[in-house]
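K.L.:
Data file protein.txt (compact mmCIF, N, CA, C and O atoms) is appended below.
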```txt
# COMPACT_ATOMS: atom_id res chain seq x y z
N MET A 1 15.53 8.48 -126.19
CA MET A 1 16.15 8.53 -124.88
C MET A 1 17.63 8.21 -125.03
O MET A 1 17.99 7.23 -125.68
N GLU A 2 18.47 9.03 -124.42
CA GLU A 2 19.90 8.81 -124.53
C GLU A 2 20.34 7.66 -123.64
O GLU A 2 19.78 7.44 -122.57
N SER A 3 21.35 6.96 -124.10
CA SER A 3 21.88 5.90 -123.28
C SER A 3 22.78 6.49 -122.20
O SER A 3 23.39 7.53 -122.39
N PRO A 4 22.87 5.84 -121.04
CA PRO A 4 23.73 6.37 -119.99
C PRO A 4 25.20 6.33 -120.37
O PRO A 4 26.01 7.08 -119.83
N GLN A 5 25.56 5.48 -121.32
CA GLN A 5 26.96 5.40 -121.75
C GLN A 5 27.41 6.69 -122.40
O GLN A 5 28.55 7.08 -122.27
N HIS A 6 26.50 7.35 -123.14
CA HIS A 6 26.86 8.60 -123.81
C HIS A 6 27.28 9.64 -122.79
O HIS A 6 28.26 10.35 -122.97
N GLY A 7 26.55 9.75 -121.71
CA GLY A 7 26.89 10.70 -120.66
C GLY A 7 28.20 10.36 -119.99
O GLY A 7 28.99 11.24 -119.65
N ARG A 8 28.46 9.08 -119.78
CA ARG A 8 29.71 8.68 -119.14
C ARG A 8 30.91 8.97 -120.03
O ARG A 8 31.95 9.39 -119.55
N HIS A 9 30.76 8.75 -121.33
CA HIS A 9 31.86 9.06 -122.25
C HIS A 9 32.16 10.55 -122.21
O HIS A 9 33.32 10.95 -122.20
N PHE A 10 31.13 11.37 -122.18
CA PHE A 10 31.31 12.82 -122.11
C PHE A 10 32.00 13.21 -120.81
O PHE A 10 32.90 14.05 -120.80
N GLU A 11 31.62 12.58 -119.70
CA GLU A 11 32.25 12.87 -118.42
C GLU A 11 33.74 12.50 -118.43
O GLU A 11 34.56 13.23 -117.88
N ILE A 12 34.07 11.40 -119.06
CA ILE A 12 35.47 10.98 -119.14
C ILE A 12 36.28 11.97 -119.96
O ILE A 12 37.38 12.36 -119.56
N VAL A 13 35.75 12.41 -121.10
CA VAL A 13 36.47 13.37 -121.94
C VAL A 13 36.65 14.69 -121.20
O VAL A 13 37.72 15.28 -121.23
N VAL A 14 35.61 15.17 -120.52
CA VAL A 14 35.71 16.43 -119.78
C VAL A 14 36.73 16.30 -118.65
O VAL A 14 37.55 17.18 -118.43
N THR A 15 36.70 15.17 -117.95
CA THR A 15 37.65 14.97 -116.85
C THR A 15 39.08 14.93 -117.36
O THR A 15 39.98 15.53 -116.78
N LEU A 16 39.31 14.24 -118.47
CA LEU A 16 40.66 14.18 -119.02
C LEU A 16 41.10 15.52 -119.59
O LEU A 16 42.29 15.82 -119.61
N SER A 17 40.16 16.33 -120.03
CA SER A 17 40.50 17.63 -120.60
C SER A 17 40.83 18.66 -119.53
O SER A 17 41.54 19.62 -119.79
N MET A 18 40.28 18.50 -118.34
CA MET A 18 40.48 19.50 -117.30
C MET A 18 41.89 19.48 -116.72
O MET A 18 42.42 20.51 -116.36
N PHE A 19 42.47 18.32 -116.62
CA PHE A 19 43.77 18.20 -115.99
C PHE A 19 44.86 18.12 -117.05
O PHE A 19 44.60 17.86 -118.21
N GLU A 20 46.07 18.35 -116.64
CA GLU A 20 47.21 18.25 -117.56
C GLU A 20 47.45 16.78 -117.91
O GLU A 20 48.15 16.06 -117.20
N SER A 21 46.83 16.34 -118.96
CA SER A 21 47.01 14.97 -119.42
C SER A 21 47.36 15.00 -120.89
O SER A 21 47.46 16.05 -121.52
N PHE A 22 47.57 13.83 -121.45
CA PHE A 22 47.90 13.77 -122.87
C PHE A 22 46.75 14.27 -123.74
O PHE A 22 46.97 14.86 -124.78
N VAL A 23 45.50 14.06 -123.30
CA VAL A 23 44.36 14.54 -124.07
C VAL A 23 44.35 16.07 -124.07
O VAL A 23 44.15 16.70 -125.11
N HIS A 24 44.61 16.68 -122.91
CA HIS A 24 44.65 18.14 -122.83
C HIS A 24 45.78 18.70 -123.69
O HIS A 24 45.61 19.71 -124.37
N SER A 25 46.94 18.05 -123.67
CA SER A 25 48.06 18.57 -124.46
C SER A 25 47.80 18.42 -125.95
O SER A 25 48.18 19.29 -126.74
N ILE A 26 47.14 17.36 -126.37
CA ILE A 26 46.83 17.18 -127.79
C ILE A 26 45.77 18.19 -128.25
O ILE A 26 45.91 18.80 -129.30
N LEU A 27 44.73 18.38 -127.43
CA LEU A 27 43.65 19.30 -127.82
C LEU A 27 44.06 20.76 -127.74
O LEU A 27 43.37 21.62 -128.28
N SER A 28 45.17 21.08 -127.08
CA SER A 28 45.60 22.47 -126.99
C SER A 28 46.63 22.84 -128.05
O SER A 28 47.19 23.93 -127.99
N TRP A 29 46.87 21.98 -129.02
CA TRP A 29 47.80 22.31 -130.10
C TRP A 29 47.23 23.47 -130.91
O TRP A 29 46.02 23.58 -131.12
N LYS A 30 48.11 24.32 -131.41
CA LYS A 30 47.69 25.51 -132.18
C LYS A 30 46.89 25.18 -133.44
O LYS A 30 45.94 25.88 -133.76
N PRO A 31 47.26 24.13 -134.22
CA PRO A 31 46.47 23.88 -135.45
C PRO A 31 45.02 23.50 -135.18
O PRO A 31 44.18 23.64 -136.06
N PHE A 32 44.70 23.03 -133.98
CA PHE A 32 43.32 22.64 -133.71
C PHE A 32 42.39 23.83 -133.51
O PHE A 32 41.18 23.67 -133.59
N THR A 33 42.92 25.01 -133.24
CA THR A 33 42.06 26.18 -133.02
C THR A 33 41.28 26.55 -134.28
O THR A 33 40.05 26.61 -134.25
N PRO A 34 41.96 26.79 -135.43
CA PRO A 34 41.15 27.09 -136.62
C PRO A 34 40.38 25.87 -137.14
O PRO A 34 39.28 26.01 -137.66
N LEU A 35 40.94 24.67 -136.96
CA LEU A 35 40.23 23.48 -137.42
C LEU A 35 38.94 23.27 -136.63
O LEU A 35 37.93 22.85 -137.19
N SER A 36 38.97 23.56 -135.34
CA SER A 36 37.74 23.41 -134.56
C SER A 36 36.70 24.45 -134.97
O SER A 36 35.51 24.15 -135.02
N ALA A 37 37.16 25.67 -135.29
CA ALA A 37 36.22 26.70 -135.73
C ALA A 37 35.62 26.33 -137.08
O ALA A 37 34.41 26.48 -137.30
N ILE A 38 36.44 25.85 -137.99
CA ILE A 38 35.94 25.42 -139.30
C ILE A 38 35.00 24.23 -139.14
O ILE A 38 33.95 24.15 -139.78
N GLY A 39 35.37 23.31 -138.25
CA GLY A 39 34.50 22.16 -137.99
C GLY A 39 33.15 22.56 -137.45
O GLY A 39 32.12 21.99 -137.82
N PHE A 40 33.12 23.56 -136.58
CA PHE A 40 31.84 24.04 -136.05
C PHE A 40 31.01 24.70 -137.15
O PHE A 40 29.79 24.51 -137.23
N ASN A 41 31.66 25.47 -138.02
CA ASN A 41 30.94 26.09 -139.13
C ASN A 41 30.41 25.05 -140.09
O ASN A 41 29.30 25.20 -140.64
N VAL A 42 31.16 23.98 -140.33
CA VAL A 42 30.68 22.89 -141.18
C VAL A 42 29.48 22.22 -140.52
O VAL A 42 28.51 21.86 -141.18
N TYR A 43 29.53 22.09 -139.20
CA TYR A 43 28.39 21.53 -138.46
C TYR A 43 27.15 22.40 -138.67
O TYR A 43 26.03 21.88 -138.84
N LEU A 44 27.32 23.71 -138.65
CA LEU A 44 26.18 24.61 -138.84
C LEU A 44 25.62 24.52 -140.26
O LEU A 44 24.42 24.64 -140.48
N LEU A 45 26.50 24.32 -141.23
CA LEU A 45 26.08 24.29 -142.63
C LEU A 45 25.70 22.90 -143.12
O LEU A 45 25.21 22.76 -144.23
N ASN A 46 25.93 21.87 -142.31
CA ASN A 46 25.80 20.50 -142.79
C ASN A 46 24.40 20.14 -143.22
O ASN A 46 24.22 19.29 -144.09
N THR A 47 23.39 20.76 -142.68
CA THR A 47 22.03 20.40 -143.09
C THR A 47 21.57 21.19 -144.30
O THR A 47 20.65 20.76 -144.99
N VAL A 48 22.20 22.32 -144.59
CA VAL A 48 21.73 23.17 -145.67
C VAL A 48 22.02 22.56 -147.04
O VAL A 48 21.13 22.40 -147.87
N LEU A 49 23.29 22.21 -147.29
CA LEU A 49 23.65 21.72 -148.62
C LEU A 49 23.07 20.35 -148.96
O LEU A 49 22.56 20.17 -150.08
N PRO A 50 23.10 19.34 -148.07
CA PRO A 50 22.44 18.08 -148.44
C PRO A 50 20.95 18.23 -148.68
O PRO A 50 20.39 17.58 -149.55
N THR A 51 20.30 19.10 -147.92
CA THR A 51 18.87 19.33 -148.14
C THR A 51 18.63 19.97 -149.49
O THR A 51 17.71 19.60 -150.22
N ALA A 52 19.49 20.94 -149.84
CA ALA A 52 19.34 21.59 -151.15
C ALA A 52 19.63 20.60 -152.29
O ALA A 52 18.95 20.63 -153.32
N THR A 53 20.61 19.74 -152.09
CA THR A 53 20.94 18.74 -153.12
C THR A 53 19.78 17.77 -153.30
O THR A 53 19.38 17.45 -154.41
N THR A 54 19.22 17.31 -152.19
CA THR A 54 18.10 16.37 -152.27
C THR A 54 16.87 17.04 -152.88
O THR A 54 16.16 16.41 -153.67
N ALA A 55 16.64 18.28 -152.54
CA ALA A 55 15.47 18.98 -153.10
C ALA A 55 15.64 19.27 -154.58
O ALA A 55 14.65 19.38 -155.31
N SER A 56 16.89 19.40 -155.04
CA SER A 56 17.10 19.71 -156.45
C SER A 56 16.93 18.49 -157.35
O SER A 56 16.80 18.63 -158.55
N LEU A 57 16.94 17.30 -156.79
CA LEU A 57 16.71 16.10 -157.59
C LEU A 57 15.23 16.00 -157.93
O LEU A 57 14.38 15.98 -157.04
N ARG A 58 14.92 15.95 -159.20
CA ARG A 58 13.51 15.94 -159.61
C ARG A 58 12.88 14.56 -159.43
O ARG A 58 11.84 14.40 -158.86
N ASN A 59 13.52 13.54 -159.95
CA ASN A 59 12.99 12.20 -159.77
C ASN A 59 14.09 11.32 -159.18
O ASN A 59 15.17 11.18 -159.71
N ASN A 60 13.80 10.77 -158.06
CA ASN A 60 14.77 9.98 -157.34
C ASN A 60 14.36 8.51 -157.37
O ASN A 60 14.39 7.82 -156.37
N ASP A 61 14.00 8.02 -158.56
CA ASP A 61 13.50 6.65 -158.66
C ASP A 61 14.60 5.62 -158.87
O ASP A 61 14.38 4.44 -158.70
N HIS A 62 15.80 6.05 -159.24
CA HIS A 62 16.90 5.12 -159.48
C HIS A 62 18.04 5.46 -158.53
O HIS A 62 18.60 6.55 -158.57
N PHE A 63 18.38 4.50 -157.66
CA PHE A 63 19.47 4.71 -156.71
C PHE A 63 20.73 4.09 -157.26
O PHE A 63 20.77 2.93 -157.64
N SER A 64 21.78 4.87 -157.32
CA SER A 64 23.08 4.40 -157.76
C SER A 64 24.11 4.73 -156.67
O SER A 64 24.16 5.87 -156.18
N VAL A 65 24.91 3.75 -156.30
CA VAL A 65 25.90 3.96 -155.26
C VAL A 65 26.94 4.99 -155.71
O VAL A 65 27.36 5.84 -154.93
N ILE A 66 27.31 4.95 -156.98
CA ILE A 66 28.30 5.90 -157.49
C ILE A 66 27.76 7.32 -157.42
O ILE A 66 28.45 8.24 -156.97
N THR A 67 26.52 7.51 -157.85
CA THR A 67 25.91 8.84 -157.78
C THR A 67 25.80 9.30 -156.33
O THR A 67 26.05 10.47 -156.02
N TYR A 68 25.45 8.37 -155.44
CA TYR A 68 25.35 8.70 -154.02
C TYR A 68 26.69 9.19 -153.47
O TYR A 68 26.75 10.21 -152.79
N PHE A 69 27.78 8.49 -153.77
CA PHE A 69 29.09 8.91 -153.28
C PHE A 69 29.54 10.23 -153.91
O PHE A 69 30.19 11.04 -153.25
N ILE A 70 29.18 10.44 -155.16
CA ILE A 70 29.50 11.73 -155.79
C ILE A 70 28.79 12.87 -155.06
O ILE A 70 29.39 13.91 -154.78
N TYR A 71 27.52 12.68 -154.72
CA TYR A 71 26.78 13.71 -153.98
C TYR A 71 27.37 13.91 -152.59
O TYR A 71 27.48 15.04 -152.11
N VAL A 72 27.74 12.83 -151.91
CA VAL A 72 28.28 12.93 -150.56
C VAL A 72 29.61 13.68 -150.58
O VAL A 72 29.85 14.60 -149.78
N ILE A 73 30.49 13.32 -151.50
CA ILE A 73 31.80 13.98 -151.59
C ILE A 73 31.62 15.44 -152.01
O ILE A 73 32.29 16.33 -151.48
N GLY A 74 30.71 15.71 -152.93
CA GLY A 74 30.45 17.09 -153.33
C GLY A 74 29.89 17.93 -152.20
O GLY A 74 30.33 19.06 -151.99
N ASP A 75 28.95 17.35 -151.45
CA ASP A 75 28.40 18.08 -150.30
C ASP A 75 29.46 18.32 -149.23
O ASP A 75 29.52 19.40 -148.64
N PHE A 76 30.30 17.33 -148.99
CA PHE A 76 31.35 17.49 -147.99
C PHE A 76 32.35 18.57 -148.43
O PHE A 76 32.73 19.42 -147.63
N GLY A 77 32.72 18.56 -149.70
CA GLY A 77 33.64 19.57 -150.21
C GLY A 77 33.05 20.97 -150.12
O GLY A 77 33.73 21.91 -149.70
N MET A 78 31.79 21.11 -150.51
CA MET A 78 31.15 22.42 -150.44
C MET A 78 30.97 22.86 -148.99
O MET A 78 31.12 24.04 -148.68
N ASP A 79 30.64 21.92 -148.10
CA ASP A 79 30.55 22.26 -146.68
C ASP A 79 31.87 22.79 -146.15
O ASP A 79 31.92 23.76 -145.40
N MET A 80 32.98 22.14 -146.53
CA MET A 80 34.30 22.59 -146.07
C MET A 80 34.64 23.97 -146.64
O MET A 80 35.15 24.83 -145.92
N ILE A 81 34.34 24.19 -147.90
CA ILE A 81 34.63 25.50 -148.52
C ILE A 81 33.80 26.59 -147.87
O ILE A 81 34.31 27.64 -147.48
N PHE A 82 32.49 26.37 -147.72
CA PHE A 82 31.63 27.38 -147.11
C PHE A 82 31.94 27.56 -145.62
O PHE A 82 31.85 28.66 -145.09
N GLY A 83 32.32 26.48 -144.94
CA GLY A 83 32.72 26.60 -143.54
C GLY A 83 33.98 27.44 -143.39
O GLY A 83 34.09 28.26 -142.48
N PHE A 84 34.93 27.25 -144.31
CA PHE A 84 36.16 28.05 -144.28
C PHE A 84 35.86 29.52 -144.57
O PHE A 84 36.37 30.41 -143.90
N LEU A 85 35.00 29.77 -145.57
CA LEU A 85 34.63 31.15 -145.88
C LEU A 85 33.88 31.81 -144.73
O LEU A 85 34.09 32.98 -144.42
N LEU A 86 33.01 31.07 -144.07
CA LEU A 86 32.30 31.60 -142.92
C LEU A 86 33.27 31.91 -141.79
O LEU A 86 33.13 32.92 -141.09
N TYR A 87 34.28 31.07 -141.62
CA TYR A 87 35.29 31.31 -140.59
C TYR A 87 36.10 32.56 -140.91
O TYR A 87 36.32 33.40 -140.04
N ILE A 88 36.52 32.70 -142.17
CA ILE A 88 37.34 33.85 -142.57
C ILE A 88 36.54 35.16 -142.54
O ILE A 88 37.02 36.18 -142.07
N CYS A 89 35.30 35.12 -143.02
CA CYS A 89 34.52 36.37 -143.17
C CYS A 89 33.71 36.75 -141.94
O CYS A 89 33.43 37.93 -141.76
N ALA A 90 33.33 35.80 -141.12
CA ALA A 90 32.44 36.14 -140.01
C ALA A 90 33.08 35.90 -138.65
O ALA A 90 33.02 36.77 -137.78
N GLU A 91 33.68 34.76 -138.44
CA GLU A 91 34.11 34.43 -137.10
C GLU A 91 35.46 35.04 -136.74
O GLU A 91 35.62 35.64 -135.68
N ARG A 92 36.44 34.93 -137.61
CA ARG A 92 37.78 35.41 -137.30
C ARG A 92 37.86 36.92 -137.11
O ARG A 92 38.51 37.37 -136.16
N PRO A 93 37.21 37.76 -137.94
CA PRO A 93 37.30 39.20 -137.69
C PRO A 93 36.75 39.61 -136.32
O PRO A 93 37.34 40.45 -135.65
N PHE A 94 35.66 39.00 -135.89
CA PHE A 94 35.11 39.36 -134.59
C PHE A 94 35.96 38.83 -133.45
O PHE A 94 36.06 39.45 -132.39
N ARG A 95 36.60 37.71 -133.65
CA ARG A 95 37.53 37.20 -132.65
C ARG A 95 38.72 38.15 -132.51
O ARG A 95 39.15 38.47 -131.40
N LEU A 96 39.27 38.59 -133.63
CA LEU A 96 40.40 39.53 -133.59
C LEU A 96 39.97 40.87 -133.01
O LEU A 96 40.74 41.52 -132.28
N LEU A 97 38.76 41.31 -133.31
CA LEU A 97 38.24 42.56 -132.74
C LEU A 97 38.12 42.44 -131.22
O LEU A 97 38.46 43.36 -130.48
N GLY A 98 37.64 41.32 -130.75
CA GLY A 98 37.54 41.10 -129.31
C GLY A 98 38.90 41.11 -128.63
O GLY A 98 39.04 41.67 -127.54
N ILE A 99 39.90 40.50 -129.27
CA ILE A 99 41.26 40.52 -128.71
C ILE A 99 41.79 41.94 -128.68
O ILE A 99 42.41 42.37 -127.69
N TYR A 100 41.55 42.70 -129.73
CA TYR A 100 42.02 44.08 -129.82
C TYR A 100 41.37 44.95 -128.74
O TYR A 100 42.03 45.74 -128.06
N VAL A 101 40.06 44.80 -128.58
CA VAL A 101 39.34 45.59 -127.57
C VAL A 101 39.83 45.21 -126.17
O VAL A 101 40.01 46.06 -125.30
N GLN A 102 40.05 43.92 -125.94
CA GLN A 102 40.52 43.48 -124.63
C GLN A 102 41.91 44.06 -124.32
O GLN A 102 42.17 44.48 -123.20
N LYS A 103 42.79 44.12 -125.32
CA LYS A 103 44.11 44.71 -125.12
C LYS A 103 44.00 46.20 -124.83
O LYS A 103 44.74 46.72 -124.00
N MET A 104 43.08 46.90 -125.52
CA MET A 104 42.90 48.32 -125.26
C MET A 104 42.38 48.56 -123.85
O MET A 104 42.80 49.50 -123.17
N VAL A 105 41.45 47.74 -123.40
CA VAL A 105 40.91 47.88 -122.05
C VAL A 105 41.98 47.59 -121.01
O VAL A 105 42.08 48.27 -119.99
N ASP A 106 42.81 46.59 -121.26
CA ASP A 106 43.87 46.24 -120.32
C ASP A 106 44.93 47.33 -120.23
O ASP A 106 45.53 47.53 -119.18
N ASN A 107 45.19 48.03 -121.32
CA ASN A 107 46.20 49.09 -121.33
C ASN A 107 45.73 50.36 -120.63
O ASN A 107 46.55 51.19 -120.24
N GLN A 108 44.44 50.56 -120.48
CA GLN A 108 43.94 51.79 -119.86
C GLN A 108 43.78 51.65 -118.37
O GLN A 108 43.80 50.76 -117.72
```
Could I get this structure in the form of structure tokens?
P.N.:
Amino acid sequence: MESPQHGRHFEIVVTLSMFESFVHSILSWKPFTPLSAIGFNVYLLNTVLPTATTASLRNNDHFSVITYFIYVIGDFGMDMIFGFLLYICAERPFRLLGIYVQKMVDNQ
């Protein structure tokens, strides 16, 4: 069960984002557009690589903090690389195609 505080925090962020405030001006910066798309793609891929890493370990009887951090950093790096590739190969071309089609429709 979700806490009521989670909903209130979301309401505050949405309210601050709707009006011209410092939060709206910060979130509308140009560099955040591709970063948010890459972040969403990393979110989509985040369960795939750690699950594959965990499944590839044959015997997990010895826990080492160093090995754990190496796996975490490796998974994060691979998530970022695959998220960027997914953004470049799948999301961005269709976004540009949509902009192009919209301009053609507006011109006619």
K.L.:
To one decimal place, how far is atom O of A:Ile26 from atom C of A:Ile38 in Å?
P.N.:
15.7 Å
K.L.:
Just give me the gap between atom CA of A:Ile12 and atom CA of A:Val42 in Å, one decimal is fine.
P.N.:
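Those two atoms sit 25.5 Å apart.
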K.L.:
Pick out the closest residue to A:Pro34 from this set: A:Glu11, A:Phe84, A:Pro50, A:Val65. Count all atoms listed in the file.
P.N.:
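Closest to A:Pro34 of all the choices is A:Phe84.
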K.L.:
Measure the distance from atom C of A:Phe32 to atom C of A:Leu96 in Å and round it to one decimal.
P.N.:
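About the pair atom C of A:Phe32 and atom C of A:Leu96: they are 17.2 Å apart.
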K.L.:
I'd like to know which of A:Ile70, A:Ser56, A:His62, A:Leu86 is closest to A:Ala37, using all atoms listed in the file.
P.N.:
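Of all the options, A:Leu86 lies closest to A:Ala37.
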K.L.:
Might you pull out every residue within 7 Å of stretch 71-77 of chain A, with only C-alpha atoms counted and same-chain residues fewer than 4 positions away left off, and present them as an NGL selection string?
P.N.:
:A and (49-50 or 67 or 81)
